[in-house]
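*Asks:* Below is one structure. I have some questions about it.
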Amino acid sequence: MAKMRWLLLLVTLPVLGAEIQFDGELHLAGTFKVIVTEVAATSGQATLIVLRTGEVIQVDLRCEGARLESPPIHARRPCDPERDPSLSVELGDTIVAATDLGGGLSTTALVGPREPGVPSLALERWDNVEMEWVPAEEMEPALFRFVLDDRSLDTTCERDSFALPVAIGEEELSLTLVEGAPTSGAFSVEFVVALEPREGALWLQLVTVDGDLLAEVPVEEGTSVVGRRGEEARHARLALLPVALEPAELAIPVCCVGEIRVTTPEGADEVRWWVDGAARSGDLALPLCADAPRSASVVAFVRQGLVWGRAEAAVTFVPRVRLSFVDAATGARPAEPWPCGLEIRIRADEVTGPAPVVMVGKLGPDPRVQELTLAQDATGAFVSAPLRPSDLGACSGDVLWAQFRDPRGCYTAYAILPLR
């Protein structure tokens with residue numbers, strides 16, 4: 001009889017200006033009112049029907065100022081506390097409200113999500129010392145979680161879920177947040193941040209607590225993890241271990257051994273070296289040697305605890321210094337044997353470090369050795385000031401010699417000049 005009466009109401013002619021409507025939006029697990037305006041009556045009834053289930057209830061309308069109002073009606077799910085009056089609904093249900101006042105009036109509305117309250121998104125890190133979740137200001141190898149409070153996402157009596165868009169560097173993915181308890185509206189997801197040096201790069205990884213890889217990107221300057229819900233975003237920039245190599249630029253003569261050393265941090269737990277993209281063994285220091293001139297790029301991945309850092313150094317394998325005697329006037333290679341009274345210079349080629357210091361003297365007893373610092377000329381070569389072999393006590397039949405000793409003690413360069 002109640003359904004039949006409601007159908008008759010829909011075909012009657014309403015009074016001009018009279019209106020029935022819902023007071024505000026219909027929210028799941030919320031309350032709403034039915035109001036009737038522009039009618040002469042001071043009381044009445046309204047019938048409400050859930051179209052999906054056919055559930056029907058009637059509510060009294062009472063005068064409130066210039067209109068008639070129903071009491072608050074609860075849009076109740078099976079798991080919500082029972083109130084009277086109430087309708088059992090699901091998200092998206094259509095509710096019809098009708099009354100015979102005003103000649104017969106009706107209206108419909110859809111049940112929307114729960115009112116969100118004050119939604120909030122947080123990114124937290126598990127503190128192994130204090131044994132509690134703390135706000136995550138930086139990203140490092142640890143256990144993290146996104147926490148979202150938003151009751152509008154609580155749509156069923158089960159534990160609902162929500163896909164949160166997340167960006168890790170330039171890669172985008174979604175993490176499934178699960179409601180902690182049915183109807184709580186509090187969602188969270190835990191994940192692990194890990195760092196792994198591989199193929200000459202440091203990789204940032206997001207991993208599930210069960211060890212499944214979610215995403216990975218090579219670490220770049222400013223790499224962050226960002227979660228976003230609407231206009232609200234939470235992000236944390238990756239914190240890396242400060243690493244310093246010494247020297248940052250190194251020139252090593254061919255067939256000599258040099259080394260690059262990790263100076264920061266002191267006493268690293270692990271160091272992985274890469275030279276021109278190839279893995280090399282070494283600990284805090286990496287020995288380097290080459291048999292031909294070339295350039296090399298050295299990368300060190302350094303770990304202390306769970307945190308990794310990265311630093312680079314540039315290495316150049318340079319030719320050995322070559323010494324020669326040249327005509328002081330022309331710079332040309334001198335004729336041998338050279339007149340002991342004519343001026344000569346000592347020339348050094350392939351110099352890559354500071355101005356070389358050479359020793360010069362004559363072979364045999366009383367060598368009268370002198371130390372000379374060479375200076376760079378307009379051609380880029382390093383040459384000594386002019387000198388006469390006779391100033392060193394050398395004369396016809398003697399042999400003049402010059403020597404350069406590499407500051408590292410790796411090799412010695414010689415040149416000789418017979419005299420007449």
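Residue numbering restarts at 1 in every chain; chains get A, B, ... in the order shown in the structure tokens, and ligands count up from 1 in that same order.
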Skipping near chain neighbours, those fewer than 6 positions away, what residues fall within 9 Å of Ile344 (chain A) using only C-alpha atoms, listed as a ChimeraX atom specification?

*Replies:* /A:325-329,331,334,338,384-389

*Asks:* With N, CA, C and O atoms retained, export the selected residues as a compact mmCIF listing (two decimals), in the first residue's frame.

*Replies:*
# COMPACT_ATOMS: atom_id res chain seq x y z
N PHE A 325 119.15 18.45 -25.42
CA PHE A 325 119.93 19.69 -25.55
C PHE A 325 119.57 20.34 -26.86
O PHE A 325 119.37 19.66 -27.89
N VAL A 326 119.47 21.70 -26.86
CA VAL A 326 119.16 22.43 -28.09
C VAL A 326 120.09 23.63 -28.19
O VAL A 326 120.63 24.13 -27.19
N ASP A 327 120.28 24.09 -29.44
CA ASP A 327 121.08 25.28 -29.73
C ASP A 327 120.42 26.46 -29.05
O ASP A 327 119.22 26.73 -29.22
N ALA A 328 121.17 27.20 -28.23
CA ALA A 328 120.60 28.33 -27.49
C ALA A 328 120.10 29.42 -28.42
O ALA A 328 119.17 30.15 -28.08
N ALA A 329 120.68 29.55 -29.59
CA ALA A 329 120.30 30.63 -30.51
C ALA A 329 119.12 30.24 -31.38
O ALA A 329 118.20 31.04 -31.60
N GLY A 331 117.30 27.03 -31.14
CA GLY A 331 116.38 26.04 -30.59
C GLY A 331 116.42 24.73 -31.32
O GLY A 331 115.65 23.81 -31.00
N PRO A 334 121.30 20.29 -31.57
CA PRO A 334 122.69 20.70 -31.84
C PRO A 334 123.47 19.62 -32.60
O PRO A 334 123.17 18.43 -32.50
N TRP A 338 129.51 19.13 -29.83
CA TRP A 338 129.18 20.55 -29.74
C TRP A 338 130.40 21.32 -29.19
O TRP A 338 131.04 20.85 -28.24
N SER A 384 115.84 25.83 -20.32
CA SER A 384 116.70 26.48 -19.33
C SER A 384 117.24 27.79 -19.90
O SER A 384 117.09 28.08 -21.09
N ALA A 385 117.86 28.55 -19.03
CA ALA A 385 118.61 29.72 -19.52
C ALA A 385 119.85 29.23 -20.29
O ALA A 385 120.31 28.09 -20.08
N PRO A 386 120.39 30.04 -21.21
CA PRO A 386 121.58 29.61 -21.96
C PRO A 386 122.75 29.34 -21.00
O PRO A 386 122.93 30.03 -19.99
N LEU A 387 123.53 28.33 -21.32
CA LEU A 387 124.72 28.02 -20.53
C LEU A 387 125.81 27.52 -21.47
O LEU A 387 125.53 26.95 -22.53
N ARG A 388 127.10 27.77 -21.06
CA ARG A 388 128.24 27.27 -21.83
C ARG A 388 128.78 26.02 -21.12
O ARG A 388 128.98 26.04 -19.91
N PRO A 389 129.02 24.98 -21.87
CA PRO A 389 129.63 23.79 -21.24
C PRO A 389 130.92 24.12 -20.52
O PRO A 389 131.23 23.51 -19.48

*Asks:* Env of Val217 (chain A): 7 Å cut, atoms = only C-alpha atoms, seq-sep filter 5 positions within chain, self excluded. Answer as a list in words.

*Replies:*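 My reading of the contact set: Gly169, Trp203, Leu204 and Gln205 of chain A.
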
*Asks:* With only C-alpha atoms as the atoms that count, which of A:Glu259, A:Asp349, A:Glu69, A:Glu249 lies nearest to Cys289 (chain A)?

*Replies:*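 Closest to Cys289 (chain A), using only C-alpha atoms: A:Glu259.
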
*Asks:* When you draw a straight line from CA of Glu115 (chain A) to CA of Ser152 (chain A), how long is it in Å?

*Replies:*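 Between CA of Glu115 (chain A) and CA of Ser152 (chain A) the gap is 5.5 Å.
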
*Asks:* Nearest to Val299 (chain A) among A:Glu179, A:Asp398, A:Glu82, A:Glu199, with distances taken over only C-alpha atoms: which residue is it?

*Replies:*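 Of A:Glu179, A:Asp398, A:Glu82, A:Glu199, the one nearest Val299 (chain A) is A:Glu199, counting only C-alpha atoms.
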
*Asks:* What's around Gly380 (chain A) at 10 Å? Count only C-alpha atoms, leave out sequence neighbours fewer than 4 positions away in its own chain, and write the answer as an NGL selection string.

*Replies:* :A and (349-351 or 375-376)

*Asks:* Selected residues, N, CA and C atoms, written as a short mmCIF file (atom, residue, chain, number, x, y, z; two decimals), in the first residue's frame, please.

*Replies:*
data_model
loop_
_atom_site.label_atom_id
_atom_site.label_comp_id
_atom_site.auth_asym_id
_atom_site.auth_seq_id
_atom_site.Cartn_x
_atom_site.Cartn_y
_atom_site.Cartn_z
N ASP A 349 110.23 18.26 -22.86
CA ASP A 349 108.94 18.10 -23.54
C ASP A 349 108.05 17.15 -22.74
N GLU A 350 106.72 17.20 -23.05
CA GLU A 350 105.72 16.36 -22.38
C GLU A 350 105.62 16.66 -20.89
N VAL A 351 105.80 17.92 -20.52
CA VAL A 351 105.69 18.32 -19.12
C VAL A 351 104.21 18.57 -18.81
N ALA A 375 111.91 27.06 -17.58
CA ALA A 375 110.78 27.99 -17.72
C ALA A 375 110.12 27.76 -19.07
N GLN A 376 108.82 27.99 -19.15
CA GLN A 376 108.07 27.74 -20.39
C GLN A 376 108.28 28.88 -21.36
#

*Asks:* Using only C-alpha atoms, which protein or nucleic acid residues come within 12 Å of Pro242 (chain A)? Drop anything in the same chain fewer than 2 positions from it, and give the result as an mmCIF file with N, CA, C and O atoms, in the first residue's frame.

*Replies:*
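Final output, saved to result.cif:
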data_model
loop_
_atom_site.group_PDB
_atom_site.id
_atom_site.type_symbol
_atom_site.label_atom_id
_atom_site.label_comp_id
_atom_site.auth_asym_id
_atom_site.auth_seq_id
_atom_site.Cartn_x
_atom_site.Cartn_y
_atom_site.Cartn_z
ATOM 1 N N ALA A 239 68.775 11.405 0.728
ATOM 2 C CA ALA A 239 69.986 11.843 1.423
ATOM 3 C C ALA A 239 71.098 10.841 1.138
ATOM 4 O O ALA A 239 70.951 9.645 1.399
ATOM 5 N N LEU A 240 72.203 11.322 0.598
ATOM 6 C CA LEU A 240 73.336 10.461 0.260
ATOM 7 C C LEU A 240 74.487 10.691 1.227
ATOM 8 O O LEU A 240 74.600 11.754 1.852
ATOM 9 N N ALA A 244 84.269 12.087 -0.443
ATOM 10 C CA ALA A 244 85.332 12.885 -1.056
ATOM 11 C C ALA A 244 86.487 11.974 -1.433
ATOM 12 O O ALA A 244 86.852 11.065 -0.681
ATOM 13 N N LEU A 245 87.036 12.216 -2.629
ATOM 14 C CA LEU A 245 88.200 11.478 -3.110
ATOM 15 C C LEU A 245 89.390 12.427 -3.185
ATOM 16 O O LEU A 245 89.241 13.614 -3.477
ATOM 17 N N VAL A 262 89.789 7.289 -0.789
ATOM 18 C CA VAL A 262 88.590 7.839 -0.149
ATOM 19 C C VAL A 262 89.020 8.518 1.142
ATOM 20 O O VAL A 262 89.564 7.875 2.047
ATOM 21 N N THR A 263 88.789 9.823 1.244
ATOM 22 C CA THR A 263 89.146 10.558 2.453
ATOM 23 C C THR A 263 87.930 10.882 3.318
ATOM 24 O O THR A 263 88.074 11.146 4.504
ATOM 25 N N THR A 264 86.750 10.903 2.706
ATOM 26 C CA THR A 264 85.496 11.117 3.453
ATOM 27 C C THR A 264 84.470 10.128 2.934
ATOM 28 O O THR A 264 84.252 10.054 1.730
ATOM 29 N N PRO A 265 83.879 9.322 3.831
ATOM 30 C CA PRO A 265 84.072 9.297 5.288
ATOM 31 C C PRO A 265 85.299 8.492 5.675
ATOM 32 O O PRO A 265 85.803 7.690 4.879
ATOM 33 N N GLU A 266 85.748 8.691 6.884
ATOM 34 C CA GLU A 266 86.854 7.882 7.386
ATOM 35 C C GLU A 266 86.333 6.506 7.779
ATOM 36 O O GLU A 266 85.287 6.384 8.412
ATOM 37 N N ALA A 268 85.204 3.852 5.904
ATOM 38 C CA ALA A 268 83.976 3.397 5.246
ATOM 39 C C ALA A 268 83.837 1.882 5.374
ATOM 40 O O ALA A 268 84.825 1.139 5.421
ATOM 41 N N ALA A 300 83.700 6.154 -7.356
ATOM 42 C CA ALA A 300 83.726 5.374 -6.116
ATOM 43 C C ALA A 300 82.341 5.402 -5.490
ATOM 44 O O ALA A 300 81.760 6.470 -5.287
ATOM 45 N N PHE A 301 81.803 4.214 -5.199
ATOM 46 C CA PHE A 301 80.568 4.081 -4.428
ATOM 47 C C PHE A 301 80.973 3.663 -3.014
ATOM 48 O O PHE A 301 81.621 2.625 -2.832
ATOM 49 N N VAL A 302 80.575 4.451 -2.057
ATOM 50 C CA VAL A 302 81.041 4.261 -0.683
ATOM 51 C C VAL A 302 79.835 4.048 0.224
ATOM 52 O O VAL A 302 78.858 4.803 0.154
ATOM 53 N N ARG A 303 79.930 3.027 1.067
ATOM 54 C CA ARG A 303 78.831 2.713 1.993
ATOM 55 C C ARG A 303 79.295 2.828 3.432
ATOM 56 O O ARG A 303 80.378 2.374 3.796
ATOM 57 N N GLN A 304 78.443 3.441 4.237
ATOM 58 C CA GLN A 304 78.628 3.450 5.683
ATOM 59 C C GLN A 304 77.279 3.109 6.298
ATOM 60 O O GLN A 304 76.310 3.847 6.135
ATOM 61 N N VAL A 307 73.757 3.511 4.191
ATOM 62 C CA VAL A 307 73.732 4.686 3.324
ATOM 63 C C VAL A 307 74.919 4.649 2.370
ATOM 64 O O VAL A 307 76.056 4.400 2.780
ATOM 65 N N TRP A 308 74.636 4.921 1.099
ATOM 66 C CA TRP A 308 75.662 4.963 0.066
ATOM 67 C C TRP A 308 75.883 6.406 -0.384
ATOM 68 O O TRP A 308 74.994 7.250 -0.298
ATOM 69 N N GLY A 309 77.071 6.651 -0.890
ATOM 70 C CA GLY A 309 77.398 7.922 -1.529
ATOM 71 C C GLY A 309 78.243 7.658 -2.756
ATOM 72 O O GLY A 309 78.723 6.539 -2.988
ATOM 73 N N ARG A 310 78.443 8.694 -3.541
ATOM 74 C CA ARG A 310 79.152 8.548 -4.813
ATOM 75 C C ARG A 310 80.037 9.763 -5.045
ATOM 76 O O ARG A 310 79.658 10.889 -4.745
ATOM 77 N N ALA A 311 81.232 9.519 -5.578
ATOM 78 C CA ALA A 311 82.130 10.617 -5.942
ATOM 79 C C ALA A 311 82.923 10.208 -7.178
ATOM 80 O O ALA A 311 83.121 9.019 -7.439
#

*Asks:* List the spatial neighbours of Glu19 (chain A) as a PyMOL selection string - criterion: any atom at most 7 Å away, only C-alpha atoms, same-chain residues fewer than 4 positions off excluded.

*Replies:* chain A and resi 36-38+105

*Asks:* Using the selection just defined, write its residues with all heavy atoms as a short mmCIF file (atom, residue, chain, number, x, y, z; two decimals), in the first residue's frame.

*Replies:*
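To be explicit, this is the file written out as selection_22.cif:
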data_model
loop_
_atom_site.label_atom_id
_atom_site.label_comp_id
_atom_site.auth_asym_id
_atom_site.auth_seq_id
_atom_site.Cartn_x
_atom_site.Cartn_y
_atom_site.Cartn_z
N VAL A 36 10.16 20.69 2.81
CA VAL A 36 9.08 21.07 1.90
C VAL A 36 8.80 22.54 2.10
O VAL A 36 8.67 23.02 3.23
CB VAL A 36 7.81 20.23 2.15
CG1 VAL A 36 6.68 20.69 1.22
CG2 VAL A 36 8.10 18.75 1.94
N THR A 37 8.74 23.28 1.00
CA THR A 37 8.52 24.72 1.08
C THR A 37 7.30 25.12 0.25
O THR A 37 6.85 24.37 -0.63
CB THR A 37 9.76 25.48 0.56
OG1 THR A 37 10.03 25.07 -0.80
CG2 THR A 37 10.98 25.18 1.41
N GLU A 38 6.77 26.31 0.56
CA GLU A 38 5.67 26.93 -0.18
C GLU A 38 4.39 26.09 -0.13
O GLU A 38 3.69 25.93 -1.12
CB GLU A 38 6.08 27.17 -1.64
CG GLU A 38 7.29 28.05 -1.82
CD GLU A 38 7.08 29.46 -1.30
OE1 GLU A 38 5.93 29.94 -1.31
OE2 GLU A 38 8.09 30.07 -0.86
N LEU A 105 4.47 16.00 -4.43
CA LEU A 105 5.81 16.46 -4.78
C LEU A 105 6.79 15.29 -4.66
O LEU A 105 6.61 14.41 -3.82
CB LEU A 105 6.26 17.59 -3.84
CG LEU A 105 5.33 18.80 -3.70
CD1 LEU A 105 5.78 19.68 -2.53
CD2 LEU A 105 5.29 19.60 -5.00
#

*Asks:* May I have all residues of region 80-321 of chain A that DSSP, computed from the backbone, assigns to strand (DSSP E), given as a PyMOL selection string?

*Replies:* chain A and resi 86-88+94-99+105-112+120-127+132-135+138-139+142-149+161-168+171-179+186-198+201-207+213-218+224-229+232-238+244-246+249-253+258-264+270-275+278-280+285-288+294-304+307-318

*Asks:* Which polymer residues have any atom within 9 Å of an atom of Leu28 (chain A), counting only C-alpha atoms, with same-chain residues fewer than 4 positions away left out, as a PyMOL selection string?

*Replies:* chain A and resi 74-77+89-92+111-115+152+155

*Asks:* Please provide the set of residues having any atom within 9 Å of Ala142 (chain A), restricted to only C-alpha atoms, with same-chain residues fewer than 6 positions apart removed, written as a ChimeraX atom specification.

*Replies:* /A:125-127,191-194,306

*Asks:* Between CA of Arg83 (chain A) and CA of Gly102 (chain A), what is the spacing in Å?

*Replies:*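 For CA of Gly102 (chain A) relative to CA of Arg83 (chain A), the distance reads 29.1 Å.
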
*Asks:* Name the closest residue to Gly393 (chain A) among the candidates A:Val209, A:Ala233, A:Leu61, A:Leu419; distances are taken between atoms, counting only C-alpha atoms.

*Replies:* A:Leu419

*Asks:* What does the distance from CA of Phe404 (chain A) to CA of Leu288 (chain A) come to in Å, to one decimal?

*Replies:*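 If I compute the distance from CA of Phe404 (chain A) to CA of Leu288 (chain A), I get 22.8 Å.
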
*Asks:* Could you build a table of the residues in region 95-205 of chain A lying no more than 10 Å from region 47-53 of chain A, giving for each the nearest pair of atoms and their separation in Å rounded to one decimal place, using only C-alpha atoms, ordered by chain and ascending residue number, as a tab-separated table?

*Replies:*
residue	atom	partner	partner_atom	distance
A:Ile95	CA	A:Val50	CA	4.7
A:Val96	CA	A:Ile49	CA	5.1
A:Ala97	CA	A:Leu48	CA	4.5
A:Ala98	CA	A:Thr47	CA	5.2
A:Thr99	CA	A:Thr47	CA	6.2
A:Asp100	CA	A:Thr47	CA	9.2
A:Ser106	CA	A:Thr47	CA	9.2
A:Thr107	CA	A:Leu48	CA	9.7
A:Thr108	CA	A:Leu48	CA	9.4
A:Leu110	CA	A:Val50	CA	9.9
